[in-house]
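Asks: Take this structure, written in structure tokens, and hold onto it; I'll ask about it next.
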Amino acid sequence: MDAALQKICDIKHLLKSCAELLTSSSAGVLQTAQTREAEQSKVASDATELTCAPEFDPCPSDDNSALRDGSEKLAHYIVRLETSRPRENQCTVQDQNLNDDDDESRVLFLVFCQLSTIELCRISLVCRKWRQIAAHPLLWRRVCVDNVLLPPHALQMIATRCLKCDTLYLQGLMPVIAQCDEELQTYIIRIKGCLEPPLALLMSVSGPSLQRVHLVDCDLLITERSLWLLSVHCPNLLEVTYSSEAFPPTKEALWALSNGCPLIRELNLPPVNSSSDLRQLEDSCLVQIAKGWPGLLQLSVGGPSITYEALSSLAYHCSGLQSLELTECPPIDTKVVSQLCEDGRLSSLHTLTLMFTRVTPQAVVIIIENCSLLVTFDLYISSAMYSSSTDPHAVYKYLKLLENLKELDGHPSLRNVFHLHHIAY
């Protein structure tokens, strides 16, 4: 049994012994607002005491002192759970509309608020009562599933509970194992986009409440069609992160997303593997981004297929862009920088991040001089950037570039904006 299940069982066992005293004592404590801040700092220590069975004798003594102490501690613990910040699901007893006379359900709900999405799925299988409590929509405001094997029927079960979901996070999902006599081509056809029907159900159930979506590294299971699904069901989206090696975003998918979700302010489309021969993000996608979201505040793109002419046009249309991340893009020199910063473009930039993109020291200086609002300029480089080069002097050029960039790092004239991060391979 998991640690979370053990904790719930201990609290349930304790409730059976002190339910009568808890009803009278917890009512007064719940109305006491002056002591909540001081009690909040003691949640962890008292929770440990409550879940340790040897510290509390369920058999009452003559003066009922043990029962009284345990009841008071549990009542205070309930109050602190209500006022504390849950890890993933922001909800309180007042929100969940459970039966006020059922203290056991109230405590279970508060404990369930601390569980992750996968843990909620597991405890739903314990009994009917736990399943009913775990199905409450407020427990599913943030759906986070990463690096697990997630079959379509499991995502469909999750989707039916996401009436008030505002954040969807799916990353590194693994497909079901192929059958022993199944051919590779047949297996690929079977699993391609298999999570999109339950994903469409989740989006339709969440509807306008969904504001943040993160779909990364779910190759074959989720395709760029998911962006079209978002445009149909989720008009109030504010943040979208999508990254797939096999199915990068297309111009048509971005066109649909921009028409259905015009409120997006953070768009992250980083490449997974720019050295792959598969299709990459193209200039037409950048043009569509510039037309669809002129009020964009944060953008992350990359790949060897994009050109700085298209990126300069995007910077012109998205004049309020505050954060820009470029990953594994073509080299940046003084000519490219002059084009990007022409006519005050990128003047609103606060954060610039270059991931494994070649840039000259002179270009770094020009960027900082033209972007007066720039607070952070992070440059990540590694020797792997030159490993595929056929130039016999590639290693020497890399070491020379690294030496010149280190001189800029922390230089007073650069306003302590530039920071170099050397990733050793």
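A note on labels: chains of the structure tokens are A, B, ... as shown, every chain counts residues from 1, and ligands are counted from 1 in their shown order.
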Mind checking which residues fall within 10 Å of Leu201 of chain A, counting only C-alpha atoms, ignoring those fewer than 6 positions away in the same chain, and posting them as a list in words?
Replies: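 Residues near the query, excluding close chain neighbours: Leu155, Gln156, Met157, Ile158, Ala159, Thr160, Cys162, Gly207, Leu229 and His233 of chain A.
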Asks: How would the residues just chosen look if you wrote them out with all heavy atoms as a short mmCIF file (atom, residue, chain, number, x, y, z; two decimals), in the first residue's frame?
Replies:
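Result file again-v3.cif:
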```cif
data_model
loop_
_atom_site.label_atom_id
_atom_site.label_comp_id
_atom_site.auth_asym_id
_atom_site.auth_seq_id
_atom_site.Cartn_x
_atom_site.Cartn_y
_atom_site.Cartn_z
N LEU A 155 -7.15 7.65 -19.71
CA LEU A 155 -7.33 9.08 -19.97
C LEU A 155 -8.80 9.44 -20.11
O LEU A 155 -9.22 10.53 -19.71
CB LEU A 155 -6.55 9.47 -21.22
CG LEU A 155 -6.55 10.96 -21.58
CD1 LEU A 155 -5.99 11.79 -20.44
CD2 LEU A 155 -5.76 11.22 -22.86
N GLN A 156 -9.60 8.53 -20.63
CA GLN A 156 -11.03 8.78 -20.75
C GLN A 156 -11.68 8.87 -19.37
O GLN A 156 -12.56 9.69 -19.14
CB GLN A 156 -11.69 7.68 -21.58
CG GLN A 156 -13.17 7.92 -21.83
CD GLN A 156 -13.75 6.90 -22.79
OE1 GLN A 156 -13.04 6.02 -23.26
NE2 GLN A 156 -15.04 7.02 -23.09
N MET A 157 -11.26 8.01 -18.44
CA MET A 157 -11.78 8.09 -17.08
C MET A 157 -11.41 9.41 -16.43
O MET A 157 -12.22 10.04 -15.75
CB MET A 157 -11.23 6.92 -16.26
CG MET A 157 -11.79 6.80 -14.85
SD MET A 157 -10.87 7.78 -13.64
CE MET A 157 -9.31 6.91 -13.62
N ILE A 158 -10.17 9.86 -16.65
CA ILE A 158 -9.74 11.16 -16.11
C ILE A 158 -10.57 12.28 -16.72
O ILE A 158 -10.96 13.24 -16.03
CB ILE A 158 -8.24 11.37 -16.37
CG1 ILE A 158 -7.41 10.35 -15.58
CG2 ILE A 158 -7.82 12.78 -16.01
CD1 ILE A 158 -5.93 10.40 -15.88
N ALA A 159 -10.84 12.18 -18.03
CA ALA A 159 -11.55 13.24 -18.73
C ALA A 159 -12.94 13.48 -18.16
O ALA A 159 -13.40 14.63 -18.10
CB ALA A 159 -11.64 12.91 -20.22
N THR A 160 -13.62 12.44 -17.73
CA THR A 160 -14.98 12.59 -17.22
C THR A 160 -15.04 13.37 -15.92
O THR A 160 -16.12 13.83 -15.52
CB THR A 160 -15.61 11.21 -17.01
OG1 THR A 160 -14.80 10.45 -16.10
CG2 THR A 160 -15.71 10.45 -18.32
N CYS A 162 -12.99 16.13 -15.26
CA CYS A 162 -12.30 17.42 -15.43
C CYS A 162 -13.26 18.55 -15.76
O CYS A 162 -13.03 19.32 -16.71
CB CYS A 162 -11.23 17.29 -16.50
SG CYS A 162 -9.91 16.15 -16.10
N GLY A 207 -13.72 22.64 -21.34
CA GLY A 207 -14.26 23.81 -22.03
C GLY A 207 -13.52 25.09 -21.70
O GLY A 207 -12.29 25.15 -21.69
N LEU A 229 -7.90 20.51 -31.89
CA LEU A 229 -8.89 20.20 -30.86
C LEU A 229 -8.98 21.32 -29.82
O LEU A 229 -10.06 21.66 -29.35
CB LEU A 229 -8.54 18.87 -30.18
CG LEU A 229 -8.60 17.62 -31.05
CD1 LEU A 229 -8.09 16.40 -30.29
CD2 LEU A 229 -10.02 17.38 -31.56
N HIS A 233 -12.45 23.54 -28.60
CA HIS A 233 -13.08 23.37 -27.29
C HIS A 233 -12.63 24.38 -26.23
O HIS A 233 -13.33 24.54 -25.23
CB HIS A 233 -12.81 21.95 -26.77
CG HIS A 233 -13.31 20.87 -27.66
ND1 HIS A 233 -14.65 20.62 -27.86
CD2 HIS A 233 -12.65 19.95 -28.41
CE1 HIS A 233 -14.81 19.60 -28.69
NE2 HIS A 233 -13.61 19.17 -29.04
#
```
Asks: Extract, using only C-alpha atoms, all DNA, RNA and protein residues at most 12 Å from segment 346-348 of chain A, discarding same-chain residues fewer than 5 positions from it, and format them as a ChimeraX atom specification.
Replies: /A:295-298,311-324,337-341,367-375
Asks: Find, counting only C-alpha atoms, the residue in A:Leu120, A:Val145, A:Cys329, A:Val364 that gets nearest to Pro271 of chain A.
Replies: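 Distance minimum relative to Pro271 of chain A lands on A:Cys329.
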Asks: From a backbone DSSP assignment, name each residue in segment 120-362 of chain A labelled strand (DSSP E or B), as a PyMOL selection string.
Replies: chain A and resi 142-146+149+167-171+174+212-216+239-243+266-268+298-302+323-327+332+351-355+359
Asks: Write out as number ranges by chain the set of residues from segment 218-355 of chain A that DSSP, computed on the backbone, places in alpha helix (DSSP H).
Replies: A: 225-233, 251-260, 283-292, 308-317, 334-340
Asks: Write out as an MDAnalysis selection string which residues come within 12 Å of Ile118 of chain A when counting only C-alpha atoms, dropping same-chain ones fewer than 2 positions away.
Replies: chainID A and resid 2 4 88 112 114:116 120:125 134 139:140 142:150 154:155 157:158 170
Asks: Excluding same-chain residues fewer than 6 positions from segment 282-288 of chain A, what lies within 8 Å of it counting only C-alpha atoms, as a list in words?
Replies: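 Everything that qualifies: Pro249, Thr250, Lys251, Leu254, Trp255, Ser305, Ile306, Thr307, Ala310, Leu311, Ser313 and Leu314 of chain A.
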Asks: Just the residues within 8 Å of Pro137 of chain A, please, counting only C-alpha atoms, with nothing from its chain fewer than 3 positions along; format it as a ChimeraX atom specification.
Replies: /A:140-141,161-165
Asks: Go ahead and dump the residues you just picked, C-alpha atoms, as a PDB file, in the first residue's frame.
Replies:
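Printed below is part_18.pdb as written:
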```pdb
ATOM      1  CA  TRP A 140      -9.004  17.594 -10.925  1.00  0.00           C
ATOM      2  CA  ARG A 141      -8.246  21.253 -11.472  1.00  0.00           C
ATOM      3  CA  ARG A 161     -13.868  14.257 -13.972  1.00  0.00           C
ATOM      4  CA  CYS A 162     -12.298  17.415 -15.429  1.00  0.00           C
ATOM      5  CA  LEU A 163     -15.313  19.724 -15.253  1.00  0.00           C
ATOM      6  CA  LYS A 164     -13.198  22.500 -13.699  1.00  0.00           C
ATOM      7  CA  CYS A 165      -9.747  21.613 -15.016  1.00  0.00           C
TER       8      CYS A 165
END
```
